[in-house]
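Visitor: Mind having a look at this structure? Questions to follow.
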Amino acid sequence: MIGKRVVAAFNDQINHELYSSYLYLSMAAYFHSVNLDGFAGWMRVQAKEEDSHAMKFFEHLRDRGARVELDQIDKPKAAWKSPLDAFRGAYEHEKFITSKINGLYKLAEKESDYPAKVFLDWFVKEQVEEEATASGIVNMLERIKDSGNGLIMLDRELGKREFKA
Ligand code: OFO
């Protein structure tokens, strides 16, 4: 039996994941507006991944007979000063999501909700990857600085990313 507090916290997490998707889609739109279509493609894949994260929580609640209740999604930021500024934003956002996942894990432990803990294990690992990827791109962009060539090369590289369900 899933407790009320876990249900409410998982419903909140659906909102955080959908907001993440919306934020990265907004970053994709920004990258298209500055003709960095590879960066935009990377962000579009990221937006789809976040959507699939929201659906994992949705399915978990459904599988356990709990009610999914969707809330309003906040308006994301629409403009950034540079690609570096956008990726720094993405990295900060992932750290925030990690804190949310850790909070859910603590709650599941407190409530002795073992199915929730096992479910959250995937997200704990995923956040290590998410932070490492975002911080890796921040590092590359810091090294590239104002080099147009460097940016074009990275744009090409990031544009190769594909969505894997
Ligand atoms: Fe970017 O992470 Fe979802 O959970």
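Chain labels follow the order of the structure tokens: the first chain is A, the next B, and so on; residue numbering restarts at 1 in every chain, and ligands are counted from 1 in their shown order.
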Residues near range 151-159 of chain A, anyone? I mean within 8 Å using only C-alpha atoms, not counting same-chain ones fewer than 4 positions away, as a PyMOL selection string.

Guide: chain A and resi 36-42+141+144+147

Visitor: Residues contacting ligand 1 - anything with an atom at most 8 Å away, using only C-alpha atoms and all ligand atoms - can you give me those as a list in words?

Guide: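 Every residue with an atom at most 8 Å from ligand 1 is listed here: Glu17, Ser20, Gln46, Glu49, Glu50, Asp51, His53, Ala54, His93, Glu94, Ile97, Thr98, Ile101, Phe123, Glu126, Gln127 and Glu130 of chain A.
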
Visitor: Give me, as a PyMOL selection string, all polymer residues having an atom no more than 10 Å from Pro83 in chain A, counting only C-alpha atoms and skipping those fewer than 4 positions away in the same chain.

Guide: chain A and resi 27+30-31+34+36+39+87-89+137-138+141-142+151

Visitor: Produce a file of the selected residues containing N, CA and C atoms, as a tab-separated table (two decimals), in the first residue's frame.

Guide:
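Below is the file that was written, selection.tsv:
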chain	number	residue	atom	x	y	z
A	27	MET	N	15.19	25.87	-24.17
A	27	MET	CA	16.61	26.02	-24.52
A	27	MET	C	16.82	25.63	-25.99
A	30	TYR	N	15.85	28.50	-28.05
A	30	TYR	CA	16.91	29.52	-28.00
A	30	TYR	C	18.05	29.14	-28.95
A	31	PHE	N	18.49	27.87	-28.90
A	31	PHE	CA	19.62	27.45	-29.75
A	31	PHE	C	19.25	27.55	-31.23
A	34	VAL	N	19.70	31.06	-32.49
A	34	VAL	CA	21.06	31.56	-32.74
A	34	VAL	C	21.80	30.62	-33.72
A	36	LEU	N	22.26	27.42	-33.85
A	36	LEU	CA	23.05	26.28	-33.36
A	36	LEU	C	22.10	25.08	-33.31
A	39	PHE	N	23.08	21.94	-31.09
A	39	PHE	CA	22.78	22.16	-29.66
A	39	PHE	C	21.27	22.02	-29.45
A	87	PHE	N	23.90	26.14	-20.79
A	87	PHE	CA	24.33	24.86	-20.20
A	87	PHE	C	24.65	24.97	-18.71
A	88	ARG	N	25.10	26.16	-18.29
A	88	ARG	CA	25.26	26.34	-16.83
A	88	ARG	C	23.89	26.24	-16.18
A	89	GLY	N	22.88	26.80	-16.83
A	89	GLY	CA	21.50	26.72	-16.32
A	89	GLY	C	21.03	25.27	-16.26
A	137	ILE	N	29.68	19.28	-20.64
A	137	ILE	CA	29.46	20.24	-21.75
A	137	ILE	C	29.81	21.66	-21.27
A	138	VAL	N	29.50	21.98	-20.02
A	138	VAL	CA	29.90	23.29	-19.46
A	138	VAL	C	31.42	23.42	-19.56
A	141	LEU	N	32.52	24.07	-23.13
A	141	LEU	CA	32.18	25.44	-23.54
A	141	LEU	C	33.10	26.47	-22.88
A	142	GLU	N	33.52	26.20	-21.65
A	142	GLU	CA	34.45	27.12	-20.98
A	142	GLU	C	35.79	27.12	-21.71
A	151	LEU	N	32.90	26.09	-31.44
A	151	LEU	CA	31.45	26.04	-31.26
A	151	LEU	C	30.80	25.24	-32.40

Visitor: Between A:Lys56, A:Arg62, A:Arg5, A:Lys77, which has the minimum distance to Ser26 in chain A (counting only C-alpha atoms)?

Guide: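 For Ser26 in chain A, the nearest of the candidates is A:Lys77.
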
Visitor: Could you list, as an NGL selection string, every residue within 12 Å of Leu18 in chain A, counting only C-alpha atoms and ignoring same-chain residues fewer than 5 positions away?

Guide: :A and (11-13 or 23-25 or 46-58 or 70-76 or 97)

Visitor: Would you save the residues from that selection as a PDB file, in the first residue's frame, using C-alpha atoms?

Guide:
ATOM      1  CA  ASN A  11       2.824  13.722  -8.247  1.00  0.00           C
ATOM      2  CA  ASP A  12       5.036  16.758  -7.504  1.00  0.00           C
ATOM      3  CA  GLN A  13       7.951  14.997  -9.180  1.00  0.00           C
ATOM      4  CA  LEU A  23      12.830  24.131 -19.873  1.00  0.00           C
ATOM      5  CA  TYR A  24      14.989  22.077 -22.244  1.00  0.00           C
ATOM      6  CA  LEU A  25      12.528  22.626 -25.085  1.00  0.00           C
ATOM      7  CA  GLN A  46      16.819  15.954 -23.517  1.00  0.00           C
ATOM      8  CA  ALA A  47      13.250  17.312 -23.422  1.00  0.00           C
ATOM      9  CA  LYS A  48      11.927  13.926 -24.639  1.00  0.00           C
ATOM     10  CA  GLU A  49      13.981  12.124 -21.978  1.00  0.00           C
ATOM     11  CA  GLU A  50      12.475  14.304 -19.256  1.00  0.00           C
ATOM     12  CA  ASP A  51       9.031  13.560 -20.585  1.00  0.00           C
ATOM     13  CA  SER A  52       9.819   9.838 -20.323  1.00  0.00           C
ATOM     14  CA  HIS A  53      10.999  10.391 -16.717  1.00  0.00           C
ATOM     15  CA  ALA A  54       7.632  11.987 -15.895  1.00  0.00           C
ATOM     16  CA  MET A  55       5.906   8.960 -17.424  1.00  0.00           C
ATOM     17  CA  LYS A  56       7.931   6.554 -15.259  1.00  0.00           C
ATOM     18  CA  PHE A  57       6.461   8.248 -12.152  1.00  0.00           C
ATOM     19  CA  PHE A  58       3.021   8.282 -13.797  1.00  0.00           C
ATOM     20  CA  LEU A  70      -1.346  16.872 -12.852  1.00  0.00           C
ATOM     21  CA  ASP A  71      -0.574  20.434 -11.872  1.00  0.00           C
ATOM     22  CA  GLN A  72       0.187  23.601 -13.824  1.00  0.00           C
ATOM     23  CA  ILE A  73       3.651  23.751 -15.421  1.00  0.00           C
ATOM     24  CA  ASP A  74       5.589  26.980 -14.777  1.00  0.00           C
ATOM     25  CA  LYS A  75       6.711  29.148 -17.684  1.00  0.00           C
ATOM     26  CA  PRO A  76      10.378  28.400 -18.387  1.00  0.00           C
ATOM     27  CA  ILE A  97      16.461  17.645  -9.649  1.00  0.00           C
TER      28      ILE A  97
END

Visitor: Go ahead and compute the interatomic distance for CA of Val7 in chain A and CA of Val118 in chain A, in Å to one decimal.

Guide: 15.5 Å

Visitor: Write down as a PyMOL selection string the residues of chain A whose backbone DSSP state falls under helix (DSSP H, G or I).

Guide: chain A and resi 4-33+37-63+83-110+114-144+148-158

Visitor: Counting only C-alpha atoms, which of A:Trp80, A:Ile14, A:Ala29, A:Leu104 gets nearest to Glu59 in chain A?

Guide: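 Among the listed residues, A:Ile14 lies closest to Glu59 in chain A.
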